[in-house]
Amino acid sequence: MSVATARKAGLMGELYGRSIDEALRRSGSAAQVAAVEASVRSDGPDAGTRRLRVIAGDLDIELLPDRGLDLGQVRHRGVPLAWVSPTGWPRPGATGFGASFGGGLVTTCGLLSFGPPSVDAEGEHPQHGRYSGLSASVTRAEVQADAVVIEATVVEATVLGAHLELRRRLRVPLGAGRIELRDEIVNRGSRAVEPMVLYHVNLGWPLVDAGTVLRSPADRVEPRDAAAEAGLDGWAEFPEPVADYPEQVFRHELPSDRRVSAEVISASGLGIRISFDTTVLPAMFQWRVAQDDGVVLGVEPATAATIHGRAAAREAGLLRAIAPGASWELGLDIDVIRHRSET
């Protein structure tokens with residue numbers, strides 16, 4: 001889309017009170033307001049892993065090429081939006097999921113399974129699949145006239161087994177407070193394969209705290225287990241953090257075949273909108289922990305309406321095959337929104 005077309009469609013925002021064109025004219029270099037910076041970590045458990053920093057106006061985004069080009073911390077006007085776990089992002093494959101789940105704004109789970117470890121006809125699947133331990137090949141990283149664009153490919157394959165290629169495109173329009181994530185999953189193998197993908201969107205303090213509200217497009221909300229059953233009546237409002245709070249997971253039953261949005265709004269009015277198409281992502285899960293040593297709220301669009309792993313999805317008939325050479329397209333948009341006193 002050209003700059004003129006985007007402006008006419010009302011899709012271009014402002015940078016610091018000026019139109020995009022004006023902001024760029026007044027800058028000595030476009031890098032003052034939009035840039036992509038590559039680096040390699042030099043110390044600690046993630047030493048040797050790559051980072052991409054995307055600056056696009058009010059957004060400052062950490063990308064993790066050695067985690068499938070997932071999103072780490074994201075800041076809007078300096079305010080952190082994502083929850084980051086104590087593990088950080090150690091080198092892929094060094095530890096299991098529980099000791100290497102760094103959180104971040106988006107952790108992709110899949111491409112063959114999400115949920116607990118599972119075994120089925122495709123073999124053994126670790127918790128939330130293998131994707132977040134795979135390294136991406138970055139093929140494009142540039143600042144355009146109206147957006148920053150990053151593209152990469154990630155391959156999940158086994159010898160004589162499934163061979164999937166994910167092509168990821170991240171677009172951050174200048175001045176819009178938006179991240180557009182688009183994935184194409186291509187079956188490069190010689191037989192049909194059934195992918196299973198979940199986008200683990202992890203939101204943390206100060207966006208998430210007592211009184212933060214989740215506005216869901218769900219027709220119905222169901223608890224995963226007894227711990228979630230205890231919090232079912234208050235699923236929409238984040239509780240006051242306490243010393244020991246059980247992990248709670250809820251399944252949101254969504255309307256079919258349409259574009260939907262979930263919103264997370266803090267007491268200050270700062271919020272996040274997560275938009276996706278239920279034709280390809282028909283399910284959504286909510287994950288929350290309200291402990292005073294760390295609060296997190298997960299909003300998780302997914303391709304299958306079970307959080308119990310691949311074998312459970314297969315038994316319930318929730319897996320959909322991709323023929324050799326065919327592909328799926330899926331993704332989501334994440335928008336920063338502001339209400340009431342937040343400016």
# chains A, B, ... in the order shown; residues from 1 in each chain; ligands from 1
>>> closest_atom_pairs(of="segment 134-219 of chain A", to="segment 55-77 of chain A", cutoff="7 Å", atoms="only C-alpha atoms", output="JSON lines")
{"residue": "A:Leu134", "atom": "CA", "partner": "A:Gly68", "partner_atom": "CA", "distance": 5.4}
{"residue": "A:Ser135", "atom": "CA", "partner": "A:Asp66", "partner_atom": "CA", "distance": 4.0}
{"residue": "A:Ala136", "atom": "CA", "partner": "A:Gly68", "partner_atom": "CA", "distance": 4.9}
{"residue": "A:Val148", "atom": "CA", "partner": "A:Ala56", "partner_atom": "CA", "distance": 6.9}
{"residue": "A:Val154", "atom": "CA", "partner": "A:Gly68", "partner_atom": "CA", "distance": 6.2}
{"residue": "A:Val172", "atom": "CA", "partner": "A:Ala56", "partner_atom": "CA", "distance": 6.8}
{"residue": "A:Leu174", "atom": "CA", "partner": "A:Ala56", "partner_atom": "CA", "distance": 5.6}
{"residue": "A:Gly175", "atom": "CA", "partner": "A:Gly57", "partner_atom": "CA", "distance": 5.7}
{"residue": "A:Gly177", "atom": "CA", "partner": "A:Leu59", "partner_atom": "CA", "distance": 6.5}
>>> select_by_dssp(residues="segment 91-239 of chain A", states="strand (DSSP E)", output="ChimeraX atom specification")
/A:106-109,118-120,123-125,137-143,147-157,163-173,178-187,198-204,213-215,220-223
>>> residues_around(residues="Arg191 of chain A", least_positions_apart="3", cutoff="8 Å", atoms="only C-alpha atoms", output="number ranges by chain")
A: 162, 323-324
>>> residues_around(residues="Pro86 of chain A", least_positions_apart="4", cutoff="10 Å", atoms="only C-alpha atoms", output="list in words")
Ala99, Ser100, Phe101, Gly102, Gly103 and Gly294 of chain A
>>> closest_residue(among="A:Pro173, A:Ile150, A:Leu270, A:Ala23", to="Ala38 of chain A", atoms="only C-alpha atoms")
A:Ile150
>>> closest_residue(among="A:Arg91, A:Gln127, A:Glu229, A:Val84", to="Thr49 of chain A", atoms="only C-alpha atoms")
A:Arg91
>>> closest_residue(among="A:Ala192, A:Ile337, A:Val36, A:Ala218", to="His163 of chain A", atoms="only C-alpha atoms")
A:Ala192
>>> closest_residue(among="A:Val296, A:Ala121, A:Leu198, A:Ala312", to="Tyr245 of chain A", atoms="only C-alpha atoms")
A:Val296
>>> residues_around(residues="Leu214 of chain A", least_positions_apart="2", cutoff="7 Å", atoms="only C-alpha atoms", output="list in words")
Thr212, Ser216, Ala236, Glu237, Glu263, Val264 and Ile265 of chain A
